[in-house]
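One structure is given below, encoded as structure tokens.
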Amino acid sequence: MAYRIQRIPSAPPSVALAARGLAIVLALVTAGIVLAALGFNPLALGWQVLRTTFGSSYGLEDVGLLVIPLIFTGLAVAVGQKIGAQNIGAEGQFYAGAFAATGVALFVPGPMAVILPLMFVAGAIGGAIWILIPTLARAYADVNELITTLLLNFVATLLVYWVATGPWLDPSGRALATTARLPHEVPEFWGIVHWGLPVAVVVVLLVGALFAFTRWGYEVRIAGSNPQAARYAGMPFRRHLIMVMLLSGAIAGLAGMFEVAGTVHRLQGGISNNFGYLGIMVAVLARASPIGVLPAAALMAIILNSGIVLQTQGITVSTVLAITGLILFYTAIGDELARYRIVRA
Amino acid sequence: MDIIAGIIQTSILAGGVLALAALGEVLAERVGVVNLGVEGLMALGAVTGIATVITTPSPMLGFALALVVGFFFGMVFAATTVYLRANQVLCGLALTLMGTGMAATIGRAYSGTPAPATFPPIAIPYLSDIPLLGRALFTQNILVYLIYIILPIALHWLMFRTRHGLDMRAVGENPAAADAAGIPVQAMRFWYVSAGAALAAGAGAYLTLAFVPSWSEGVVAGRGWIAVALVIFAGYRPINAVAAALLFGLITSLGFVGQARNWPIPSPVLSMLPYLGTIAMIIVPVLAWQRMRRLMAAPAALGEPYYRDVR
């Protein structure tokens, strides 16, 4: 009886999901081995993370707060992938959204019921503007959006750093390198977790429904999996591409808006905490499915929170970034290997 | 005149980082593999360089060890993308996250310490005595001569003047045809991607041993991504890549001059120049030179893994 290995065009969902789970476990095991080699006790660290995160409502609230920007940035990247656009500039769009929302909060007077929705809109528009040039360059000149969106991240980071230390510096002189505390903030509904969380879930459901149940969403999905077929069928590929990329940017902008208006309350350099880059991870783990973004973002939030819990042990946010990279690496390998099956020759 | 000589000297020094990383990426992309891990490799190289000179004050050893580290991570990346055929974009991003995170974790111990030994400038006899620009052009460290003269010419000769180079380009353009002609497609990809990664890490060591020269988190600051963009702008040609990197060095040094001479532009805004310049450089030529498109096109099989049984 002879067997041979056969490659199939796309992996069955259950196998793909199992491969993802295995990738995460392997990444954590690898990280544990490295930490053990550096003289840490990985099991004790793991236990500490679990106890701090799930042992108290404070831990869960921390995760609840971290998950909000991750849902938005993950959704933003996933939306782009629906049409085959790699938006790895969610970090920059995050900053642009936070910048625009802060501008509205600081300089437009009015009651909270008016200003908060205005900030929401401003955040979305800020993010969309930040992806406008990469979008047009991709749509009309076929310039790879991967590099243009990424390079704008550095520009946005510098822009926010500049306004927070220069023109918009807190005039009271009490705070260094941040703007004044915003006059309005997103109210909290559970401990320190603000209403950004339910809003994020609603946005996920809306976007999911948009792709699943509308003609537009259907056409975008076709265009994403086979642009030639979409053009041949008379679908306006370029228009869909522009709409999807702008939507992606707007969602990433909302992440920045809620972070500044709900969590940090001041605009400052480095406000993003790599949320934009981690959004790529979330989208990959979710296999670009909008609903899948929710569990993927929750997982990333727990991993990110572990980094914060372990800071006292000499493990930094950079270590967590490295572990995240490791998960992504194993996931990419698992995705490919999940496509093979052994058949009888 | 001194100002101009100073700008040119800084431009050459600043452009060297990008030139070396871009040359490495040219090697990988010419055989059909996009390596988006350059940023992470540079971070690893940078921290290797500084850690070495703080232990043993030999910049040459630091640079060599960075090449070794880069080659090792390049082999891991190449093994997964070439032999396991995992998605190149995802693996590249993963390498960037891993490299940046690992380098920052290791580098905390060295943060802020200036490199105790750096590559000293070497004045080339006679040439450096040329009035006006002689000093700026010919009093540079040894890596500059390697990066700007020896490497690009050697690579150009290898890629466009030898049989091996023709094979190499065939692997990037049409791996199935190359395979049929008996060229070892996967081995070619594996070794050139690894070698390219070594150069990227070398560029990181150049950063901490010759240019900055000290380690801080975020010292790479997107230069790896700029290098990836430069390769597109340079049409995947080594000599063009070095010329483009020099242009970029010029933009960077204008930012330095602006800060030093108190131009009425805030320094964070000046720091945006290289990124904005890169974006302009990859968009404008596509719009302006339609005729050049074919000549500067990417290798046809770029980013696609090769399956012998799926043709």
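Identifiers in the structure tokens: chain A, B, ... in order shown; residue index from 1 per chain; ligand index from 1 in order shown.
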
Sorted by chain and rising residue number, which residues of chain A lie within 6 Å of chain B, and what are their closest atom pairs and distances in Å to one decimal, counting only C-alpha atoms, as JSON lines?
```
{"residue": "A:Thr148", "atom": "CA", "partner": "B:Ile279", "partner_atom": "CA", "distance": 5.8}
{"residue": "A:Leu151", "atom": "CA", "partner": "B:Tyr275", "partner_atom": "CA", "distance": 5.7}
{"residue": "A:Val155", "atom": "CA", "partner": "B:Met272", "partner_atom": "CA", "distance": 5.4}
{"residue": "A:Leu158", "atom": "CA", "partner": "B:Pro268", "partner_atom": "CA", "distance": 5.6}
{"residue": "A:Trp162", "atom": "CA", "partner": "B:Pro268", "partner_atom": "CA", "distance": 5.8}
{"residue": "A:Ser318", "atom": "CA", "partner": "B:Gly101", "partner_atom": "CA", "distance": 4.3}
{"residue": "A:Thr319", "atom": "CA", "partner": "B:Gly101", "partner_atom": "CA", "distance": 5.5}
{"residue": "A:Leu321", "atom": "CA", "partner": "B:Gly101", "partner_atom": "CA", "distance": 5.2}
{"residue": "A:Ala322", "atom": "CA", "partner": "B:Met98", "partner_atom": "CA", "distance": 4.0}
{"residue": "A:Gly325", "atom": "CA", "partner": "B:Ala94", "partner_atom": "CA", "distance": 4.3}
{"residue": "A:Leu328", "atom": "CA", "partner": "B:Ala94", "partner_atom": "CA", "distance": 5.5}
{"residue": "A:Phe329", "atom": "CA", "partner": "B:Ala94", "partner_atom": "CA", "distance": 5.2}
{"residue": "A:Ala332", "atom": "CA", "partner": "B:Ala86", "partner_atom": "CA", "distance": 5.7}
{"residue": "A:Ile333", "atom": "CA", "partner": "B:Ala86", "partner_atom": "CA", "distance": 5.0}
{"residue": "A:Glu336", "atom": "CA", "partner": "B:Ala86", "partner_atom": "CA", "distance": 5.4}
```

Query raised in the report: A:Val317: which residues within 9 Å, counting only C-alpha atoms, same-chain residues fewer than 6 positions away excluded, as an MDAnalysis selection string?
Result: (chainID A and resid 273 304 307:308 311) or (chainID B and resid 101 105)

Query raised in the report: Interatomic distance between atom CA of B:Thr139 and atom CA of B:Val257?
Result: 19.7 Å

Report task. Compile the contact shell of B:Ile7 as a list in words: residues with an atom at most 8 Å away, counting only C-alpha atoms, same-chain residues fewer than 6 positions apart removed. Result -> Leu250, Ser253, Leu254 and Val257 of chain B

Query - atom CA of A:Thr53 to atom CA of A:Tyr95, straight-line distance in Å - result: 27.9 Å

Requested in this report: For stretch 180-196 of chain B, please output as a ChimeraX atom specification all residues within 9 Å (counting only C-alpha atoms; exclusion window: fewer than 2 positions along the same chain).
Outcome: /B:21-35,67,70-79,81-83,167-168,170-172,175-178,198-201,306

Requested in this report: Using only C-alpha atoms, determine which residues lie at most 12 Å from A:Gly110, disregarding the query and same-chain residues fewer than 5 positions distant; provide the list as a PyMOL selection string.
Outcome: chain A and resi 104-105+115-119+183-184

Requested in this report: For atom CA of A:Leu267 and atom CA of B:Val219, quote the distance in Å rounded to one decimal.
Outcome: 23.5 Å

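Distance annotation: of B:Ser128, B:Ala260, B:Gly6, B:Leu44, the residue with the minimal separation from B:Val68 is B:Leu44; atom set is only C-alpha atoms.
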
Report task. Check stretch 19-186 of chain B with DSSP on the backbone and list each residue it calls helix (DSSP H, G or I), as a ChimeraX atom specification. Result -> /B:19-30,38-55,59-83,88-110,127-129,134-138,142-161,163-173,175-180,185-186

Those residues with C-alpha atoms, as a compact mmCIF listing (two decimals), in the first residue's frame please?
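Result went into selection-v7.txt, see below:
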```txt
# COMPACT_ATOMS: atom_id res chain seq x y z
CA ALA B 19 22.70 50.83 0.32
CA LEU B 20 23.93 47.71 2.09
CA ALA B 21 20.41 46.63 3.16
CA ALA B 22 19.07 47.34 -0.34
CA LEU B 23 21.84 45.26 -1.95
CA GLY B 24 20.83 42.36 0.26
CA GLU B 25 17.20 42.74 -0.74
CA VAL B 26 18.18 42.89 -4.44
CA LEU B 27 19.81 39.47 -4.03
CA ALA B 28 16.69 37.97 -2.46
CA GLU B 29 14.18 39.54 -4.84
CA ARG B 30 16.19 38.69 -7.96
CA VAL B 38 14.93 43.53 6.63
CA GLU B 39 13.86 45.85 9.45
CA GLY B 40 14.14 43.05 12.02
CA LEU B 41 17.42 41.75 10.59
CA MET B 42 18.90 45.23 10.79
CA ALA B 43 17.86 45.50 14.45
CA LEU B 44 19.53 42.15 15.18
CA GLY B 45 22.67 43.18 13.33
CA ALA B 46 22.76 46.51 15.11
CA VAL B 47 22.55 44.95 18.55
CA THR B 48 25.09 42.25 17.63
CA GLY B 49 27.51 44.93 16.49
CA ILE B 50 27.25 47.02 19.63
CA ALA B 51 27.31 44.02 21.98
CA THR B 52 30.51 42.78 20.32
CA VAL B 53 32.45 46.04 20.46
CA ILE B 54 31.46 46.61 24.08
CA THR B 55 32.95 43.18 24.89
CA PRO B 59 34.43 46.83 14.98
CA MET B 60 35.51 44.38 12.28
CA LEU B 61 34.58 41.45 14.52
CA GLY B 62 31.26 43.14 15.35
CA PHE B 63 30.45 43.54 11.68
CA ALA B 64 31.47 39.95 10.91
CA LEU B 65 29.36 38.55 13.75
CA ALA B 66 26.38 40.60 12.55
CA LEU B 67 26.80 39.00 9.12
CA VAL B 68 26.78 35.56 10.76
CA VAL B 69 23.66 36.34 12.82
CA GLY B 70 21.92 37.69 9.71
CA PHE B 71 22.90 34.64 7.72
CA PHE B 72 21.51 32.35 10.41
CA PHE B 73 18.13 34.12 10.58
CA GLY B 74 18.16 34.33 6.80
CA MET B 75 18.52 30.55 6.63
CA VAL B 76 15.53 30.12 8.97
CA PHE B 77 13.47 32.51 6.84
CA ALA B 78 14.62 30.88 3.60
CA ALA B 79 13.97 27.36 4.88
CA THR B 80 10.35 28.26 5.68
CA THR B 81 9.61 30.36 2.61
CA VAL B 82 11.57 28.37 0.02
CA TYR B 83 11.36 24.77 1.19
CA GLN B 88 6.58 35.22 2.23
CA VAL B 89 4.79 38.38 3.35
CA LEU B 90 3.68 36.86 6.66
CA CYS B 91 7.06 35.28 7.37
CA GLY B 92 8.77 38.58 6.57
CA LEU B 93 6.51 40.50 8.93
CA ALA B 94 7.08 37.81 11.56
CA LEU B 95 10.84 38.16 11.15
CA THR B 96 10.53 41.93 11.54
CA LEU B 97 8.50 41.56 14.76
CA MET B 98 10.81 38.87 16.15
CA GLY B 99 14.00 40.69 15.22
CA THR B 100 12.85 44.05 16.53
CA GLY B 101 11.53 42.52 19.75
CA MET B 102 14.58 40.34 20.39
CA ALA B 103 17.01 43.14 19.62
CA ALA B 104 15.19 45.51 21.96
CA THR B 105 15.17 42.89 24.73
CA ILE B 106 18.89 42.10 24.34
CA GLY B 107 19.84 45.72 23.72
CA ARG B 108 18.41 47.09 26.98
CA ALA B 109 21.73 46.35 28.65
CA TYR B 110 23.60 48.41 26.04
CA LEU B 127 42.53 61.46 -3.87
CA SER B 128 41.63 62.86 -0.47
CA ASP B 129 43.84 65.89 -1.20
CA GLY B 134 38.34 65.31 -2.11
CA ARG B 135 38.10 65.13 1.65
CA ALA B 136 34.34 64.49 1.65
CA LEU B 137 34.54 61.70 -0.90
CA PHE B 138 37.76 59.95 0.04
CA ILE B 142 36.38 51.19 5.03
CA LEU B 143 32.77 49.94 4.84
CA VAL B 144 31.81 52.94 2.71
CA TYR B 145 34.30 51.95 0.01
CA LEU B 146 33.06 48.37 0.25
CA ILE B 147 29.40 49.33 0.01
CA TYR B 148 29.62 52.00 -2.66
CA ILE B 149 32.32 50.63 -4.95
CA ILE B 150 33.33 47.01 -4.46
CA LEU B 151 29.98 45.32 -3.66
CA PRO B 152 27.74 46.94 -6.30
CA ILE B 153 30.27 46.42 -9.08
CA ALA B 154 30.89 42.82 -8.02
CA LEU B 155 27.16 42.08 -7.79
CA HIS B 156 26.42 43.78 -11.09
CA TRP B 157 29.13 41.74 -12.76
CA LEU B 158 27.86 38.55 -11.14
CA MET B 159 24.22 39.14 -12.07
CA PHE B 160 24.56 40.54 -15.59
CA ARG B 161 27.90 39.31 -16.90
CA ARG B 163 26.32 32.48 -16.67
CA HIS B 164 25.57 32.01 -12.98
CA GLY B 165 23.88 35.41 -12.91
CA LEU B 166 21.72 34.49 -15.86
CA ASP B 167 20.67 31.33 -14.02
CA MET B 168 19.96 33.38 -10.93
CA ARG B 169 17.69 35.80 -12.80
CA ALA B 170 15.97 32.92 -14.54
CA VAL B 171 15.03 31.51 -11.15
CA GLY B 172 13.32 34.80 -10.29
CA GLU B 173 11.63 35.23 -13.66
CA PRO B 175 11.39 29.05 -11.99
CA ALA B 176 9.65 26.28 -13.94
CA ALA B 177 11.76 26.98 -17.03
CA ALA B 178 14.88 27.30 -14.90
CA ASP B 179 14.10 23.98 -13.27
CA ALA B 180 13.63 22.34 -16.66
CA VAL B 185 15.82 26.53 -8.14
CA GLN B 186 15.29 25.92 -4.43
```

What's the 9 Å shell around A:Ala156, counting only C-alpha atoms, without same-chain residues fewer than 5 positions away, as a PDB file with C-alpha atoms, in the first residue's frame?
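Writing the result to out10.pdb gives the following:
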```
ATOM      1  CA  GLU A  91      -0.467  51.980  13.157  1.00  0.00           C
ATOM      2  CA  GLY A  92      -0.309  55.242  11.215  1.00  0.00           C
ATOM      3  CA  GLN A  93      -4.074  55.417  10.710  1.00  0.00           C
ATOM      4  CA  PHE A  94      -4.460  54.836  14.449  1.00  0.00           C
ATOM      5  CA  TYR A  95      -2.300  57.900  15.120  1.00  0.00           C
ATOM      6  CA  ALA A  96      -4.123  59.945  12.480  1.00  0.00           C
ATOM      7  CA  PHE A  99      -4.860  63.160  16.182  1.00  0.00           C
ATOM      8  CA  TRP A 130      -4.098  58.696   6.137  1.00  0.00           C
ATOM      9  CA  TYR A 161       4.967  63.401  18.737  1.00  0.00           C
TER      10      TYR A 161
ATOM     11  CA  MET B 272       9.577  62.890   8.233  1.00  0.00           C
TER      12      MET B 272
END
```

Query - strand (DSSP E) residues, from DSSP on the backbone, in stretch 100-260 of chain A, as a list in words - result: Glu188, Phe189, Trp190, Val193 and His194 of chain A

Once you have the residues from the selection above, write them out as a PDB file, in the first residue's frame, restricted to N, CA, C and O atoms.
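File selection_12.pdb, as written:
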```
ATOM      1  N   GLU A 188     -17.351  55.050  31.108  1.00  0.00           N
ATOM      2  CA  GLU A 188     -17.047  53.659  31.407  1.00  0.00           C
ATOM      3  C   GLU A 188     -18.322  52.915  31.774  1.00  0.00           C
ATOM      4  O   GLU A 188     -19.275  53.519  32.265  1.00  0.00           O
ATOM      5  N   PHE A 189     -18.344  51.604  31.512  1.00  0.00           N
ATOM      6  CA  PHE A 189     -19.543  50.839  31.880  1.00  0.00           C
ATOM      7  C   PHE A 189     -19.228  49.663  32.770  1.00  0.00           C
ATOM      8  O   PHE A 189     -20.093  49.055  33.376  1.00  0.00           O
ATOM      9  N   TRP A 190     -17.960  49.296  32.882  1.00  0.00           N
ATOM     10  CA  TRP A 190     -17.578  48.150  33.714  1.00  0.00           C
ATOM     11  C   TRP A 190     -16.174  48.413  34.215  1.00  0.00           C
ATOM     12  O   TRP A 190     -15.223  48.245  33.460  1.00  0.00           O
ATOM     13  N   VAL A 193     -13.340  49.724  31.946  1.00  0.00           N
ATOM     14  CA  VAL A 193     -13.622  49.464  30.531  1.00  0.00           C
ATOM     15  C   VAL A 193     -14.717  50.411  30.046  1.00  0.00           C
ATOM     16  O   VAL A 193     -15.786  50.505  30.658  1.00  0.00           O
ATOM     17  N   HIS A 194     -14.435  51.128  28.937  1.00  0.00           N
ATOM     18  CA  HIS A 194     -15.379  52.149  28.471  1.00  0.00           C
ATOM     19  C   HIS A 194     -16.260  51.609  27.345  1.00  0.00           C
ATOM     20  O   HIS A 194     -16.093  50.477  26.885  1.00  0.00           O
TER      21      HIS A 194
END
```

Requested in this report: Write out as a VMD selection string the residues lying within 9 Å of A:Gly64, counting only C-alpha atoms and excluding same-chain residues fewer than 2 positions away.
Outcome: chain A and resid 59 to 62 66 to 68 192 to 194 197 298 301
